[in-house]
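Colleague: Pasting start37.cif below, which is mmCIF, C-alpha atoms.
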data_work
#
loop_
_atom_site.label_atom_id
_atom_site.label_comp_id
_atom_site.auth_asym_id
_atom_site.auth_seq_id
_atom_site.Cartn_x
_atom_site.Cartn_y
_atom_site.Cartn_z
CA MET A 1 14.87 9.75 -14.57
CA GLY A 2 14.48 8.29 -18.03
CA MET A 3 12.10 6.31 -20.16
CA PHE A 4 13.23 2.99 -18.63
CA LEU A 5 15.48 3.90 -15.68
CA ASN A 6 13.55 5.30 -12.71
CA SER A 7 10.71 6.33 -14.98
CA ILE A 8 8.07 8.55 -13.39
CA VAL A 9 5.34 6.99 -15.58
CA PRO A 10 4.55 3.92 -13.43
CA SER A 11 4.85 6.07 -10.31
CA GLU A 12 2.34 8.62 -11.61
CA ASN A 13 0.02 5.84 -12.79
CA TYR A 14 0.00 4.31 -9.32
CA LYS A 15 -0.55 7.66 -7.62
CA GLU A 16 -3.62 8.23 -9.79
CA ILE A 17 -5.03 4.82 -8.85
CA ALA A 18 -4.32 5.40 -5.15
CA ARG A 19 -6.43 8.58 -5.21
CA THR A 20 -9.53 6.90 -6.66
CA ARG A 21 -12.70 6.11 -4.76
CA PHE A 22 -12.46 2.34 -5.07
CA PHE A 23 -8.74 1.89 -4.43
CA VAL A 24 -7.68 -1.27 -2.55
CA ASP A 25 -4.43 -1.26 -0.59
CA LYS A 26 -2.32 -4.25 -1.67
CA THR A 27 1.03 -2.87 -0.52
CA SER A 28 1.64 -5.83 1.81
CA LEU A 29 2.88 -7.53 -1.35
CA ILE A 30 5.94 -5.27 -1.17
CA ASP A 31 6.85 -6.57 2.27
CA GLU A 32 6.47 -10.18 1.17
CA ILE A 33 8.73 -9.63 -1.82
CA ILE A 34 11.36 -7.91 0.32
CA TYR A 35 11.30 -10.76 2.85
CA SER A 36 11.62 -13.40 0.14
CA MET A 37 14.41 -11.46 -1.55
CA GLU A 38 16.46 -10.82 1.59
CA ASN A 39 15.82 -14.01 3.58
CA ASP A 40 15.35 -16.65 0.89
CA GLY A 41 17.53 -15.21 -1.87
CA ARG A 42 14.61 -15.14 -4.32
CA LYS A 43 15.58 -12.66 -7.02
CA PHE A 44 13.50 -13.88 -9.97
CA LEU A 45 9.73 -13.69 -9.65
CA CYS A 46 7.14 -14.21 -12.38
CA ILE A 47 3.45 -13.61 -11.63
CA THR A 48 1.02 -14.94 -14.24
CA ARG A 49 -2.66 -14.01 -14.14
CA PRO A 50 -5.55 -13.55 -16.59
CA ARG A 51 -6.09 -10.13 -18.09
CA ARG A 52 -7.64 -7.44 -15.90
CA PHE A 53 -6.49 -8.94 -12.61
CA GLY A 54 -4.29 -6.05 -11.48
CA LYS A 55 -0.91 -7.17 -12.84
CA SER A 56 0.02 -3.74 -14.21
CA ILE A 57 -1.18 -1.94 -11.09
CA MET A 58 1.08 -4.13 -8.95
CA ALA A 59 4.02 -3.56 -11.33
CA ASN A 60 3.43 0.20 -11.14
CA MET A 61 3.22 -0.02 -7.35
CA LEU A 62 6.58 -1.77 -7.06
CA SER A 63 8.27 0.67 -9.41
CA ALA A 64 6.80 3.64 -7.55
CA PHE A 65 7.93 2.25 -4.20
CA PHE A 66 11.46 1.07 -4.98
CA GLY A 67 12.52 3.46 -7.74
CA LYS A 68 14.44 6.72 -7.43
CA ASN A 69 11.61 8.52 -9.20
CA GLY A 70 10.45 10.94 -6.53
CA ASP A 71 9.26 10.96 -2.93
CA GLY A 72 6.73 8.18 -2.43
CA ARG A 73 5.78 9.17 1.12
CA GLU A 74 2.80 11.16 -0.16
CA VAL A 75 1.18 7.90 -1.30
CA PHE A 76 2.84 5.05 0.60
CA GLY A 77 2.96 6.90 3.91
CA LYS A 78 -0.79 6.34 4.20
CA LEU A 79 -0.77 2.66 3.21
CA LYS A 80 -0.05 -0.66 4.96
CA ILE A 81 3.59 -0.80 3.87
CA SER A 82 4.33 2.33 5.92
CA LYS A 83 4.03 0.19 9.08
CA SER A 84 6.79 -2.13 7.93
CA GLU A 85 10.32 -2.00 9.31
CA ASN A 86 11.48 -2.07 5.69
CA PHE A 87 9.65 1.13 4.74
CA GLU A 88 12.43 3.71 5.16
CA LYS A 89 15.20 1.38 4.02
CA TYR A 90 13.60 0.53 0.67
CA LEU A 91 11.38 3.49 -0.24
CA ASN A 92 12.72 5.19 -3.40
CA ASN A 93 16.18 3.81 -2.75
CA PHE A 94 16.96 1.75 -5.86
CA ASP A 95 17.62 2.13 -9.56
CA VAL A 96 14.61 0.48 -11.20
CA ILE A 97 14.45 -0.56 -14.84
CA TYR A 98 10.77 -0.58 -15.83
CA ILE A 99 9.86 -2.26 -19.12
CA ASP A 100 6.35 -2.42 -20.54
CA GLY A 101 6.57 -5.30 -23.00
CA SER A 102 3.42 -4.16 -24.82
CA ALA A 103 4.88 -0.74 -25.72
CA VAL A 104 6.24 -0.48 -29.27
CA PRO A 105 7.97 2.41 -31.04
CA ARG A 106 6.12 4.45 -33.63
CA ASP A 107 5.48 2.62 -36.93
CA CYS A 108 7.24 -0.49 -35.61
CA LYS A 109 7.31 -3.09 -38.37
CA ASN A 110 9.71 -5.76 -37.15
CA TYR A 111 11.40 -7.33 -34.16
CA LYS A 112 14.69 -5.50 -34.75
CA GLU A 113 12.98 -2.11 -34.32
CA TYR A 114 11.17 -3.36 -31.22
CA ILE A 115 14.23 -4.72 -29.41
CA HIS A 116 16.45 -1.79 -30.44
CA PHE A 117 13.87 0.55 -28.94
CA ILE A 118 14.28 -1.22 -25.60
CA GLN A 119 18.07 -1.69 -25.68
CA ASN A 120 18.95 1.76 -27.00
CA GLY A 121 16.50 3.42 -24.63
CA MET A 122 17.96 1.63 -21.62
CA ASN A 123 21.51 2.46 -22.67
CA GLN A 124 20.63 6.12 -23.16
CA ASP A 125 19.08 6.27 -19.68
CA LEU A 126 22.17 4.61 -18.18
CA ALA A 127 24.47 6.99 -20.05
CA ASP A 128 22.53 9.98 -18.72
CA ALA A 129 22.50 8.67 -15.15
CA TYR A 130 26.14 7.51 -15.15
CA PRO A 131 27.95 9.83 -17.60
CA GLU A 132 31.37 9.10 -16.10
CA TYR A 133 31.45 5.50 -17.35
CA GLY A 134 31.24 6.08 -21.10
CA ILE A 135 28.09 4.09 -21.83
CA ILE A 136 27.54 3.70 -25.58
CA PRO A 137 23.87 3.71 -26.67
CA ASP A 138 24.25 0.91 -29.23
CA SER A 139 26.25 -1.49 -27.02
CA ALA A 140 24.73 -4.55 -25.34
CA VAL A 141 22.73 -3.47 -22.28
CA TRP A 142 24.18 -6.21 -20.08
CA GLU A 143 27.68 -4.89 -20.85
CA SER A 144 26.67 -1.37 -19.84
CA MET A 145 25.12 -2.55 -16.59
CA THR A 146 28.09 -4.78 -15.78
CA LYS A 147 30.43 -1.83 -16.32
CA ILE A 148 28.39 0.30 -13.92
CA PHE A 149 28.21 -2.48 -11.33
CA GLN A 150 31.96 -3.09 -11.43
CA GLN A 151 32.62 0.58 -10.71
CA THR A 152 29.83 1.27 -8.21
CA ARG A 153 28.53 -2.09 -6.94
CA GLN A 154 25.13 -0.57 -7.74
CA LYS A 155 22.47 -3.24 -8.21
CA PHE A 156 19.28 -2.81 -10.23
CA LEU A 157 15.67 -3.89 -9.85
CA PHE A 158 13.83 -4.91 -13.02
CA ILE A 159 10.06 -4.57 -13.26
CA ILE A 160 8.87 -6.14 -16.52
CA ASP A 161 5.16 -5.79 -17.19
CA GLU A 162 3.53 -7.90 -19.91
CA TRP A 163 6.80 -9.64 -20.68
CA ASP A 164 4.98 -12.04 -23.04
CA ALA A 165 3.22 -9.37 -25.14
CA VAL A 166 5.84 -9.82 -27.86
CA PHE A 167 4.55 -13.35 -28.56
CA HIS A 168 1.22 -11.92 -29.73
CA MET A 169 2.65 -9.24 -32.02
CA PRO A 170 1.91 -9.99 -35.69
CA PHE A 171 5.34 -8.98 -36.98
CA ILE A 172 7.29 -11.37 -34.72
CA SER A 173 8.39 -14.68 -36.26
CA ASP A 174 8.99 -17.93 -34.34
CA LYS A 175 12.74 -17.48 -34.76
CA GLU A 176 12.52 -13.94 -33.34
CA LYS A 177 10.53 -15.18 -30.36
CA GLN A 178 13.50 -17.39 -29.52
CA GLU A 179 15.82 -14.41 -29.99
CA TYR A 180 13.71 -12.47 -27.49
CA LEU A 181 14.02 -15.25 -24.93
CA LEU A 182 17.78 -15.25 -25.48
CA PHE A 183 17.83 -11.47 -24.99
CA LEU A 184 16.10 -11.82 -21.61
CA LYS A 185 18.41 -14.65 -20.60
CA THR A 186 21.53 -12.67 -21.54
CA LEU A 187 20.25 -9.56 -19.77
CA LEU A 188 19.11 -11.23 -16.54
CA LYS A 189 20.53 -14.68 -15.89
CA ASP A 190 23.56 -15.00 -13.56
CA LYS A 191 24.16 -11.25 -13.58
CA ALA A 192 25.75 -9.75 -10.46
CA TYR A 193 23.95 -6.43 -11.01
CA ILE A 194 20.52 -8.00 -10.38
CA LYS A 195 18.81 -7.15 -7.08
CA LEU A 196 15.35 -8.34 -8.15
CA VAL A 197 13.46 -9.17 -11.32
CA TYR A 198 9.68 -8.97 -11.03
CA MET A 199 7.91 -10.06 -14.20
CA THR A 200 4.23 -10.37 -15.12
CA GLY A 201 2.44 -12.11 -17.97
CA VAL A 202 -0.74 -13.92 -18.96
CA LEU A 203 0.52 -17.46 -19.51
CA PRO A 204 3.39 -19.35 -17.82
CA ILE A 205 6.94 -19.14 -19.14
CA ALA A 206 6.72 -22.80 -20.16
CA LYS A 207 4.04 -21.84 -22.70
CA TYR A 208 6.69 -19.93 -24.64
CA SER A 209 9.93 -21.63 -23.66
CA SER A 210 10.67 -25.34 -23.29
CA GLY A 211 14.37 -24.79 -22.64
CA SER A 212 16.54 -23.27 -19.94
CA GLU A 213 16.44 -19.63 -21.05
CA LEU A 214 14.38 -18.38 -18.10
CA ASN A 215 14.56 -21.31 -15.69
CA MET A 216 15.85 -19.04 -12.91
CA PHE A 217 12.33 -17.70 -12.34
CA GLN A 218 9.95 -18.85 -9.64
CA GLU A 219 6.50 -18.76 -11.27
CA TYR A 220 3.29 -18.08 -9.39
CA ASP A 221 -0.02 -18.60 -11.12
CA MET A 222 -3.55 -18.47 -9.71
CA VAL A 223 -4.49 -22.15 -9.67
CA THR A 224 -1.37 -24.10 -8.67
CA ARG A 225 0.54 -21.79 -6.30
CA VAL A 226 -0.62 -20.45 -2.93
CA LYS A 227 1.89 -17.64 -2.45
CA TYR A 228 0.78 -14.12 -3.51
CA GLY A 229 -2.72 -15.41 -4.29
CA GLU A 230 -4.57 -12.71 -2.33
CA TYR A 231 -2.89 -9.78 -4.09
CA PHE A 232 -4.42 -10.29 -7.53
CA GLY A 233 -8.18 -10.00 -7.37
CA PHE A 234 -10.41 -8.70 -4.58
CA LEU A 235 -11.16 -10.64 -1.38
CA GLU A 236 -14.63 -10.78 0.21
CA SER A 237 -13.63 -8.26 2.89
CA GLU A 238 -12.24 -5.87 0.30
CA VAL A 239 -15.43 -6.01 -1.75
CA ASP A 240 -17.44 -5.40 1.43
CA THR A 241 -15.44 -2.22 1.99
CA LEU A 242 -15.83 -1.06 -1.61
CA PHE A 243 -19.56 -1.75 -1.52
CA ASP A 244 -19.89 0.37 1.63
CA ILE A 245 -18.09 3.23 -0.17
CA TYR A 246 -20.38 2.73 -3.16
CA GLN A 247 -23.51 3.02 -1.03
CA ARG A 248 -22.28 6.16 0.70
CA THR A 249 -21.06 7.96 -2.41
CA THR A 250 -23.49 6.94 -5.17
CA ASP A 251 -26.79 8.63 -5.92
CA ASN A 252 -29.57 6.06 -6.21
CA PRO A 253 -27.41 2.92 -5.98
CA GLU A 254 -28.82 0.17 -8.19
CA ILE A 255 -26.54 -2.73 -7.19
CA GLU A 256 -27.05 -5.09 -4.26
CA ARG A 257 -24.10 -6.71 -2.50
CA ALA A 258 -25.37 -10.15 -3.54
CA ASP A 259 -25.27 -9.03 -7.19
CA LEU A 260 -21.48 -8.74 -7.01
CA ASP A 261 -21.35 -12.35 -5.77
CA THR A 262 -23.52 -13.54 -8.62
CA TRP A 263 -21.63 -11.72 -11.34
CA TYR A 264 -17.98 -11.38 -10.38
CA ASN A 265 -16.74 -13.86 -7.74
CA GLY A 266 -16.20 -16.94 -9.89
CA TYR A 267 -12.51 -17.34 -9.09
CA TYR A 268 -10.53 -19.20 -6.44
CA THR A 269 -6.91 -19.20 -5.38
CA LYS A 270 -4.99 -22.44 -4.87
CA LYS A 271 -5.64 -21.93 -1.15
CA GLY A 272 -9.38 -22.02 -1.80
CA THR A 273 -9.93 -18.31 -1.19
CA ARG A 274 -12.73 -16.84 -3.28
CA LEU A 275 -11.70 -13.93 -5.50
CA TYR A 276 -13.59 -11.25 -7.39
CA ASN A 277 -12.43 -9.89 -10.72
CA PRO A 278 -11.18 -6.40 -9.74
CA CYS A 279 -11.79 -4.78 -13.12
CA SER A 280 -15.43 -5.87 -13.20
CA VAL A 281 -16.17 -4.91 -9.59
CA VAL A 282 -14.71 -1.42 -9.92
CA TYR A 283 -16.37 -0.71 -13.26
CA ALA A 284 -19.74 -1.93 -11.98
CA LEU A 285 -19.57 0.26 -8.88
CA GLU A 286 -18.34 3.28 -10.84
CA ASP A 287 -21.05 2.91 -13.48
CA ASN A 288 -23.76 1.81 -11.03
CA GLU A 289 -24.54 -0.99 -13.45
CA LEU A 290 -23.89 -4.73 -13.71
CA ALA A 291 -22.35 -5.81 -17.03
CA ASN A 292 -19.85 -8.20 -18.63
CA TYR A 293 -16.92 -5.80 -18.28
CA TRP A 294 -14.21 -8.49 -18.46
CA ASN A 295 -15.47 -9.86 -21.78
CA SER A 296 -14.48 -6.72 -23.67
CA SER A 297 -11.07 -6.36 -22.02
CA GLY A 298 -8.99 -8.31 -24.57
CA PRO A 299 -8.85 -10.87 -27.37
CA TYR A 300 -9.79 -14.52 -26.89
CA ASP A 301 -6.64 -15.93 -28.51
CA GLU A 302 -5.65 -18.10 -25.55
CA ILE A 303 -9.20 -19.44 -25.09
CA PHE A 304 -9.42 -20.35 -28.79
CA TYR A 305 -6.04 -22.09 -28.53
CA TYR A 306 -7.15 -24.28 -25.62
CA ILE A 307 -10.52 -25.17 -27.16
CA ARG A 308 -9.22 -25.82 -30.67
CA ASN A 309 -6.48 -28.13 -29.41
CA ASN A 310 -8.66 -29.64 -26.68
CA ILE A 311 -5.99 -28.93 -24.06
CA ASP A 312 -6.65 -30.94 -20.90
CA ALA A 313 -9.88 -32.15 -22.59
CA VAL A 314 -11.42 -28.69 -22.18
CA ARG A 315 -13.48 -29.02 -25.37
CA ASP A 316 -15.00 -32.28 -24.13
CA ASP A 317 -15.75 -30.70 -20.75
CA LEU A 318 -17.48 -27.73 -22.38
CA ALA A 319 -19.74 -30.08 -24.33
CA LEU A 320 -20.68 -31.87 -21.12
CA MET A 321 -21.38 -28.61 -19.29
CA ILE A 322 -23.59 -27.37 -22.11
CA SER A 323 -25.60 -30.59 -21.77
CA GLY A 324 -26.05 -29.90 -18.05
CA GLU A 325 -23.23 -31.93 -16.50
CA ARG A 326 -21.03 -30.55 -13.72
CA ILE A 327 -17.25 -30.71 -14.20
CA ALA A 328 -14.79 -30.52 -11.30
CA LYS A 329 -11.53 -28.66 -12.11
#
How does the structure come out when it is put into structure tokens?
Modeller:
Amino acid sequence: MGMFLNSIVPSENYKEIARTRFFVDKTSLIDEIIYSMENDGRKFLCITRPRRFGKSIMANMLSAFFGKNGDGREVFGKLKISKSENFEKYLNNFDVIYIDGSAVPRDCKNYKEYIHFIQNGMNQDLADAYPEYGIIPDSAVWESMTKIFQQTRQKFLFIIDEWDAVFHMPFISDKEKQEYLLFLKTLLKDKAYIKLVYMTGVLPIAKYSSGSELNMFQEYDMVTRVKYGEYFGFLESEVDTLFDIYQRTTDNPEIERADLDTWYNGYYTKKGTRLYNPCSVVYALEDNELANYWNSSGPYDEIFYYIRNNIDAVRDDLALMISGERIAK
């Protein structure tokens, strides 16, 4: 177990979430991914969602389930995935490379330090796990993984959380952003050692790349794709369950069920299913107080970008809404 290979960090993070009062079981996502991977040959999956919609929790869940980072039965044995025929076959049975794109080394000042932190760390983990194959820490990671695959036929799962965080780092130039895309392409595309790549981000790949670097990915966002829509955000039935827990476990509950509708259910999937923002619902129930929890969860860079450039006439629509008009989107 290393920093990137079969790390215990995402596993421990998910275990902590699974023990909380307002935990929602979304492990059916695992079964869907396995089915798509084994029956449809889908190996490259990118889930894009707004901030605070459970992307990191799902990434931690997948790493905890698939990775050789301990015995997951303590947690997953009580959840929906335990009823699947795939449970025993896939539980903790794969080498998982987990990368948090938002994590930077201490005093990181440039892209070179950032990418070396990832490459050297992965190589060191591979060298520790496979000492017999002479992995060199400063070699290209794809070469190290190819060498291991040729000797063992061992395939790897990649879980990449916040893959696009690098594009918002102040020390990264436009040229280096292209180098980062090339790094991902070289590491992932057409590689025999890939079992699955699951990647999350805020905006679609096309926002950052207009070329073919990452065109092997199937992208699933909230508003144009149906698949996986119910796993990011809370459904009505899930909020009903959480509200029941809230009423039973909270002294002097101040929130009504209708309040959660008014404040937090302003989202829809492509299928038309109403969704609640999970961060806001959980914080409100924990604090016994309604508030704008999502507003303080991150910067407004993307919103400013769309308004300033009037993308899809959003600035014009906002002016109409302020004047009292209704806009269908």
Colleague: Restricting the calculation to only C-alpha atoms: of A:Phe22, A:Phe53, A:Tyr90, A:Phe65, which residue gets closest to Ile8 of chain A?
Modeller: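 The answer is A:Phe65, which sits nearest to Ile8 of chain A.
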Colleague: Report, in Å to a single decimal, how far apart atom CA of Gly233 of chain A and atom CA of Asp31 of chain A are.
Modeller: 18.2 Å
Colleague: Could you give me, as a PyMOL selection string, the residues within 9 Å of segment 247-250 of chain A, counting all atoms listed in the file and dropping anything in the same chain fewer than 2 positions from it?
Modeller: chain A and resi 21+242-245+252-253+255+285-286+288
Colleague: Using only C-alpha atoms, which residue out of A:Lys207, A:Lys189, A:Lys26, A:His168 lies closest to Leu79 of chain A?
Modeller: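 Among the listed residues, A:Lys26 lies closest to Leu79 of chain A.
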Colleague: Could you give me, as a list in words, the residues that sit within 10 Å of (10.5, 6.3, -17.6) in the file's coordinates, counting all atoms listed in the file?
Modeller: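 Residues lying no farther than 10 Å from the given point: Met1, Gly2, Met3, Phe4, Leu5, Asn6, Ser7, Ile8, Val9, Pro10, Ser11, Asn69, Val96, Ile97, Tyr98, Ile99, Gly121, Met122 and Asp125 of chain A.
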Colleague: Residues near segment 104-115 of chain A, anyone? I mean within 7 Å using all atoms listed in the file, not counting same-chain ones fewer than 6 positions away, as a PyMOL selection string.
Modeller: chain A and resi 171-172+176
Colleague: Just the residues within 12 Å of Gln151 of chain A, please, counting all atoms listed in the file, with nothing from its chain fewer than 2 positions along; format it as a PyMOL selection string.
Modeller: chain A and resi 130+132-134+144-149+153-155+193
Colleague: Between atom CA of Ser84 of chain A and atom CA of Lys271 of chain A, what is the distance, to one decimal in Å?
Modeller: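 Those two atoms sit 25.1 Å apart.
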